[in-house]
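Data file: coords_11.cif. Format and content: mmCIF, C-alpha atoms and all ligand atoms.
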data_work
loop_
_atom_site.label_atom_id
_atom_site.label_comp_id
_atom_site.auth_asym_id
_atom_site.auth_seq_id
_atom_site.Cartn_x
_atom_site.Cartn_y
_atom_site.Cartn_z
CA MET A 1 3.45 -63.43 141.43
CA SER A 2 1.26 -62.72 144.40
CA ILE A 3 -1.91 -64.72 144.69
CA LEU A 4 -3.77 -61.52 145.49
CA SER A 5 -2.81 -59.96 142.20
CA ARG A 6 -3.85 -63.21 140.54
CA ARG A 7 -7.27 -62.92 142.13
CA ASP A 8 -7.57 -59.30 141.06
CA THR A 9 -6.86 -60.51 137.58
CA LEU A 10 -9.49 -63.22 137.89
CA VAL A 11 -12.09 -60.77 139.16
CA ARG A 12 -11.24 -58.34 136.40
CA ALA A 13 -11.31 -61.12 133.82
CA GLY A 14 -14.74 -62.09 135.15
CA GLN A 15 -16.01 -58.56 134.81
CA ALA A 16 -14.49 -58.25 131.35
CA GLY A 17 -16.24 -61.51 130.48
CA LEU A 18 -19.55 -60.06 131.62
CA VAL A 19 -19.00 -56.88 129.66
CA ALA A 20 -17.90 -58.78 126.57
CA GLY A 21 -20.89 -61.08 126.98
CA ALA A 22 -23.30 -58.17 127.26
CA ALA A 23 -21.67 -56.44 124.28
CA GLY A 24 -22.02 -59.62 122.25
CA LEU A 25 -25.64 -59.89 123.26
CA LEU A 26 -26.30 -56.28 122.31
CA ALA A 27 -24.41 -56.26 119.01
CA GLY A 28 -26.96 -55.78 116.25
CA CYS A 29 -29.84 -55.89 118.71
CA ASP A 30 -30.96 -52.29 118.58
CA ALA A 31 -34.59 -53.22 118.18
CA LEU A 32 -34.42 -55.60 121.11
CA ASP A 33 -32.52 -53.06 123.17
CA ARG A 34 -35.34 -50.56 122.69
CA SER A 35 -37.86 -53.02 124.00
CA PRO A 36 -38.80 -52.00 127.58
CA ARG A 37 -39.07 -55.64 128.64
CA PHE A 38 -35.55 -56.39 127.45
CA ARG A 39 -34.20 -53.28 129.16
CA LYS A 40 -35.80 -54.43 132.37
CA ILE A 41 -34.08 -57.79 132.06
CA LEU A 42 -30.77 -56.02 131.47
CA SER A 43 -31.14 -53.81 134.52
CA LEU A 44 -32.15 -56.81 136.61
CA GLY A 45 -28.87 -58.38 135.61
CA GLU A 46 -27.07 -55.24 136.68
CA ASP A 47 -28.82 -55.28 140.04
CA MET A 48 -27.78 -58.87 140.56
CA HIS A 49 -24.25 -58.00 139.59
CA ARG A 50 -24.19 -55.09 142.05
CA HIS A 51 -25.62 -57.36 144.73
CA SER A 52 -22.95 -60.03 144.27
CA GLN A 53 -20.26 -57.35 144.19
CA ARG A 54 -21.55 -56.05 147.51
CA LEU A 55 -21.51 -59.54 149.01
CA LEU A 56 -17.96 -60.06 147.78
CA GLN A 57 -16.86 -56.75 149.23
CA ASP A 58 -18.39 -57.69 152.57
CA ARG A 59 -16.60 -61.03 152.56
CA ASP A 60 -13.32 -59.21 151.84
CA ALA A 61 -13.68 -56.75 154.73
CA LEU A 62 -11.23 -57.09 157.59
CA ALA A 63 -12.31 -58.49 160.94
CA THR A 64 -11.99 -55.98 163.78
CA GLU A 65 -8.50 -55.82 165.21
CA TYR A 66 -7.97 -54.92 168.86
CA SER A 67 -5.15 -53.45 170.92
CA SER A 68 -2.96 -55.26 173.42
CA ASP A 69 -5.04 -53.67 176.21
CA ASP A 70 -7.95 -55.79 175.05
CA LEU A 71 -6.17 -59.17 175.26
CA SER A 72 -7.97 -61.79 177.33
CA PRO A 73 -5.92 -62.71 180.41
CA VAL A 74 -6.17 -66.34 179.34
CA PHE A 75 -6.98 -67.59 175.87
CA ARG A 76 -9.02 -70.64 176.73
CA SER A 77 -9.00 -73.81 174.66
CA ASN A 78 -11.85 -75.90 173.35
CA GLY A 79 -12.40 -79.25 171.68
CA THR A 80 -9.20 -81.28 171.53
CA ARG A 81 -6.64 -80.02 174.03
CA LEU A 82 -4.06 -82.76 173.39
CA PRO A 83 -4.24 -85.04 170.34
CA ASP A 84 -4.28 -88.61 171.58
CA SER A 85 -1.61 -90.32 169.50
CA ALA A 86 1.92 -91.61 170.04
CA ASP A 87 3.03 -89.85 166.89
CA TYR A 88 1.80 -86.46 168.13
CA ALA A 89 3.42 -87.03 171.53
CA ALA A 90 6.73 -87.82 169.84
CA GLN A 91 6.46 -84.72 167.64
CA ALA A 92 5.70 -82.53 170.65
CA ALA A 93 8.62 -84.02 172.61
CA ASN A 94 10.81 -83.10 169.64
CA LYS A 95 9.50 -79.49 169.55
CA PHE A 96 7.73 -80.27 166.25
CA VAL A 97 10.95 -80.07 164.21
CA ASP A 98 9.72 -82.99 162.08
CA TRP A 99 6.18 -81.63 161.67
CA ARG A 100 5.23 -81.31 158.02
CA ILE A 101 2.25 -79.71 156.34
CA ALA A 102 1.58 -81.31 152.97
CA VAL A 103 0.10 -78.90 150.42
CA THR A 104 -1.51 -80.97 147.67
CA GLY A 105 -4.51 -81.26 145.37
CA LEU A 106 -5.18 -78.73 142.63
CA VAL A 107 -1.76 -77.08 142.79
CA ALA A 108 1.05 -76.86 140.26
CA ARG A 109 3.76 -77.48 142.87
CA PRO A 110 2.87 -79.72 145.84
CA LEU A 111 4.76 -78.64 148.97
CA SER A 112 5.85 -80.20 152.22
CA LEU A 113 6.27 -77.34 154.67
CA SER A 114 8.23 -77.58 157.91
CA LEU A 115 7.56 -75.40 160.91
CA ALA A 116 10.73 -73.49 159.99
CA ASP A 117 9.27 -72.83 156.53
CA ILE A 118 6.07 -71.47 158.08
CA ARG A 119 8.01 -69.29 160.51
CA SER A 120 10.29 -67.79 157.88
CA GLY A 121 9.09 -65.50 155.16
CA PRO A 122 6.34 -62.91 155.40
CA GLN A 123 4.35 -62.93 158.62
CA ARG A 124 1.32 -61.13 159.91
CA THR A 125 0.38 -60.37 163.51
CA GLN A 126 -3.18 -59.49 164.46
CA ILE A 127 -5.24 -59.17 167.63
CA THR A 128 -8.71 -60.55 167.03
CA ARG A 129 -11.72 -61.91 168.87
CA HIS A 130 -12.46 -65.61 168.66
CA ASP A 131 -16.15 -66.52 169.01
CA CYS A 132 -17.16 -70.09 169.78
CA VAL A 133 -20.71 -71.30 169.08
CA GLU A 134 -20.76 -72.63 172.61
CA GLY A 135 -21.09 -69.04 173.79
CA TRP A 136 -17.66 -67.81 174.80
CA SER A 137 -15.19 -65.38 173.22
CA ALA A 138 -11.54 -64.57 173.76
CA ILE A 139 -9.23 -61.92 172.35
CA GLY A 140 -5.76 -63.10 171.36
CA GLN A 141 -2.76 -62.01 169.35
CA TRP A 142 -1.88 -64.34 166.50
CA THR A 143 1.22 -64.46 164.32
CA GLY A 144 1.55 -66.61 161.26
CA MET A 145 2.08 -66.90 157.56
CA PRO A 146 -0.80 -65.59 155.48
CA LEU A 147 -2.35 -68.58 153.74
CA HIS A 148 -2.37 -66.75 150.39
CA ARG A 149 1.44 -66.87 150.42
CA VAL A 150 1.40 -70.64 150.71
CA LEU A 151 -1.20 -71.01 147.98
CA ALA A 152 0.81 -68.73 145.71
CA ALA A 153 3.97 -70.72 146.35
CA ALA A 154 2.12 -73.95 145.55
CA GLY A 155 0.57 -72.45 142.42
CA ILE A 156 -3.10 -73.03 143.10
CA ARG A 157 -4.97 -73.99 139.92
CA ASP A 158 -7.96 -72.16 138.48
CA THR A 159 -10.14 -75.23 139.07
CA ALA A 160 -9.65 -75.09 142.86
CA ARG A 161 -12.70 -73.81 144.76
CA TYR A 162 -12.05 -74.88 148.35
CA ILE A 163 -9.12 -75.36 150.67
CA VAL A 164 -9.34 -78.32 153.04
CA PHE A 165 -7.36 -78.51 156.31
CA ARG A 166 -6.65 -81.88 157.86
CA CYS A 167 -5.78 -82.13 161.54
CA ALA A 168 -3.80 -84.53 163.68
CA ASP A 169 -6.59 -85.16 166.21
CA ARG A 170 -9.61 -87.46 166.06
CA PHE A 171 -12.97 -87.74 167.72
CA GLY A 172 -13.24 -91.49 168.10
CA ASP A 173 -12.14 -92.74 164.68
CA THR A 174 -13.02 -89.55 162.87
CA PRO A 175 -10.31 -87.03 162.09
CA TYR A 176 -11.05 -83.34 162.59
CA TYR A 177 -10.96 -81.36 159.36
CA GLU A 178 -12.30 -78.10 158.01
CA SER A 179 -12.64 -76.27 154.70
CA ILE A 180 -13.02 -72.71 153.44
CA ASP A 181 -13.61 -71.15 150.04
CA LEU A 182 -11.09 -69.04 148.15
CA VAL A 183 -12.53 -65.73 149.37
CA ASP A 184 -11.52 -66.69 152.90
CA ALA A 185 -8.40 -68.57 151.82
CA LEU A 186 -7.03 -65.44 150.11
CA HIS A 187 -8.22 -63.02 152.82
CA PRO A 188 -5.28 -61.09 154.30
CA GLN A 189 -6.15 -62.09 157.89
CA THR A 190 -6.34 -65.82 157.12
CA LEU A 191 -3.18 -67.24 158.69
CA LEU A 192 -1.32 -70.43 159.38
CA ALA A 193 -0.66 -69.30 162.95
CA TRP A 194 2.20 -70.64 165.06
CA ARG A 195 2.35 -67.96 167.76
CA LEU A 196 -0.26 -66.89 170.32
CA ASN A 197 0.24 -63.83 172.53
CA GLY A 198 3.93 -63.65 171.68
CA ALA A 199 4.81 -67.25 172.56
CA ALA A 200 4.89 -70.55 170.66
CA LEU A 201 1.35 -71.79 170.08
CA PRO A 202 0.41 -73.96 173.10
CA ILE A 203 -0.61 -77.57 172.46
CA ALA A 204 -4.10 -76.84 173.81
CA ASN A 205 -4.55 -74.16 171.14
CA GLY A 206 -3.38 -76.29 168.20
CA ALA A 207 0.43 -76.57 168.20
CA PRO A 208 2.43 -76.37 166.12
CA VAL A 209 0.20 -74.70 163.48
CA ARG A 210 -3.49 -73.81 163.38
CA LEU A 211 -5.72 -71.93 161.00
CA ARG A 212 -7.06 -68.45 161.77
CA VAL A 213 -10.01 -67.50 159.59
CA GLU A 214 -11.15 -64.39 161.36
CA ARG A 215 -14.49 -63.76 159.64
CA GLN A 216 -15.86 -67.10 160.86
CA LEU A 217 -16.75 -68.89 164.09
CA GLY A 218 -14.29 -70.87 166.20
CA TYR A 219 -14.93 -74.35 164.84
CA LYS A 220 -13.64 -73.30 161.40
CA HIS A 221 -10.19 -72.51 162.92
CA ALA A 222 -8.60 -75.94 162.44
CA LYS A 223 -5.92 -76.79 165.02
CA TYR A 224 -3.00 -79.28 164.60
CA VAL A 225 -2.98 -78.78 160.82
CA ASN A 226 -0.86 -81.35 158.98
CA ALA A 227 -2.28 -81.20 155.46
CA ILE A 228 -3.78 -78.60 153.17
CA GLU A 229 -5.55 -79.67 149.99
CA ALA A 230 -6.98 -77.54 147.18
CA VAL A 231 -10.12 -79.17 145.78
CA ALA A 232 -12.90 -78.45 143.32
CA SER A 233 -15.62 -80.03 145.47
CA LEU A 234 -16.13 -81.08 149.08
CA GLY A 235 -17.95 -84.24 148.07
CA GLY A 236 -16.14 -87.43 149.09
CA ILE A 237 -14.26 -85.72 151.93
CA GLY A 238 -15.50 -86.92 155.30
CA ARG A 239 -19.28 -87.06 154.94
CA GLY A 240 -19.15 -84.29 152.36
CA MET A 241 -20.37 -81.34 154.44
CA GLY A 242 -16.98 -79.62 154.58
CA GLY A 243 -15.92 -80.12 158.18
CA TYR A 244 -15.97 -82.31 161.25
CA TRP A 245 -18.83 -80.50 162.99
CA GLU A 246 -20.65 -79.90 159.71
CA ASP A 247 -20.63 -83.70 159.19
CA ALA A 248 -21.31 -84.64 162.80
CA SER A 249 -23.89 -82.09 163.91
CA ASN A 250 -25.12 -80.17 160.86
CA TYR A 251 -23.14 -77.07 161.80
CA GLU A 252 -23.24 -74.46 159.02
CA TRP A 253 -20.36 -74.79 156.56
CA TYR A 254 -20.19 -70.99 156.25
CA ALA A 255 -20.08 -69.73 159.82
CA GLY A 256 -19.71 -65.99 159.22
CA ILE A 257 -19.64 -63.53 162.11
N1 LIG A 301 -8.24 -79.97 165.20
C1 LIG A 301 -9.18 -79.32 165.89
N2 LIG A 301 -9.45 -78.04 165.59
C2 LIG A 301 -10.41 -77.36 166.28
C3 LIG A 301 -11.17 -77.98 167.31
C4 LIG A 301 -10.84 -79.34 167.62
O1 LIG A 301 -11.42 -79.97 168.52
N3 LIG A 301 -9.85 -79.97 166.88
N4 LIG A 301 -12.14 -77.28 167.97
C5 LIG A 301 -12.66 -76.08 167.30
C6 LIG A 301 -13.47 -75.20 168.15
S1 LIG A 301 -15.10 -75.63 168.41
C7 LIG A 301 -13.01 -74.02 168.61
S2 LIG A 301 -13.98 -72.92 169.46
C8 LIG A 301 -11.59 -73.67 168.45
C9 LIG A 301 -10.96 -73.51 169.81
O2 LIG A 301 -9.66 -73.03 169.69
P1 LIG A 301 -8.83 -72.90 171.03
O3 LIG A 301 -8.69 -74.30 171.61
O4 LIG A 301 -7.54 -72.28 170.65
O5 LIG A 301 -9.65 -72.02 171.96
O6 LIG A 301 -10.84 -74.64 167.72
C10 LIG A 301 -11.54 -75.26 166.70
N5 LIG A 301 -10.62 -76.07 165.96
MO MO A 302 -16.11 -73.73 169.17
#
I need this file expressed as structure tokens, please.
Amino acid sequence: MSILSRRDTLVRAGQAGLVAGAAGLLAGCDALDRSPRFRKILSLGEDMHRHSQRLLQDRDALATEYSSDDLSPVFRSNGTRLPDSADYAAQAANKFVDWRIAVTGLVARPLSLSLADIRSGPQRTQITRHDCVEGWSAIGQWTGMPLHRVLAAAGIRDTARYIVFRCADRFGDTPYYESIDLVDALHPQTLLAWRLNGAALPIANGAPVRLRVERQLGYKHAKYVNAIEAVASLGGIGRGMGGYWEDASNYEWYAGI
């Protein structure tokens, strides 16, 4: 079962719920229904529904994809360029064959994915523009496994609302982490990327695996990902704001572009 079809089902179930709810409300309420005030309330509800549908559609839209002519000559790096730990150095020396990404939390089947697992199976390649809040952009070609495949394989539970990504690097004692909601997690361009511009992902850009979440700013694109957790709430993770920079410097949790 594809996670996308599951979401379609959820959305449809939600709409059916609304319709059923409205029908229930209206059953035997002819007098009320004729009241202009009540009709106004009903149409307000419809407006709100249309508005949230529009927002959802916008969130689902694809980020612009570019052609290979547009590629930046160099895809620069930012933040951590080399995680400072003996374990990471050993993993890198070993070409990351022992790297594992734990997929846990609100899932039916916790997973431990190797780099080989991420590289096999369905892949997507896309050329997109990365925008950093610090005022630079770069266009790069990314290849990776769509995150929705991983979440489908793990059997994400209905109670999950966010996906948290934990990284191998730290700022002082504080590990880098990020989180996104399910709209972005299930978006077709959201990837666990292991290739940049046709070569293995360089260490400076997050080797062996980093997140691409193309509708958001650079700091959301967690590098050096070693754990993925499905959660119902971001409270209790880090300082509770949903990411390293959100906790440290009040960066927006939703950094849409
Ligand atoms: N683990 C980790 N992920 C991270 C960062 C970091 O320091 N550590 N920096 C973020 C920021 S601010 C940006 S702009 C991008 C930079 O990605 P790049 O190094 O491939 O350019 O990674 C983001 N993800
Ligand atoms: Mo950034």
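The closest residue to Arg129 (chain A), picked from A:Val164, A:Gln141, A:Pro146, A:Ile101 and counting only C-alpha atoms, is A:Gln141.
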Worksheet item: Got a sec to check which residues lie within 6 Å of ligand LIG 301 (chain A), using all atoms listed in the file, and send them as a list in words?
Response: Arg76, Ser77, Asn78, Gly79, Thr80, Cys132, Cys167, Asp169, Tyr176, Ala204, Asn205, Gly218, Tyr219, His221, Ala222, Lys223 and Tyr224 of chain A
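Interatomic distance, CA of Gly238 (chain A) to CA of Gly172 (chain A): 13.8 Å.
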- [ ] For Gln91 (chain A), work out the shell of residues within 12 Å, counting all atoms listed in the file and skipping chain neighbours fewer than 5 positions away, then give it as a ChimeraX atom specification.
- [x] /A:83,85-86,96-100,115,168,203,207-208,224,226
With a distance cut-off of 10 Å and all atoms listed in the file, select the neighbouring residues of Leu111 (chain A), excluding the residue or stretch itself and same-chain residues fewer than 3 positions from it, and output the selection as a PyMOL selection string.
chain A and resi 100-104+107-108+114+150-151+153-155+227-228
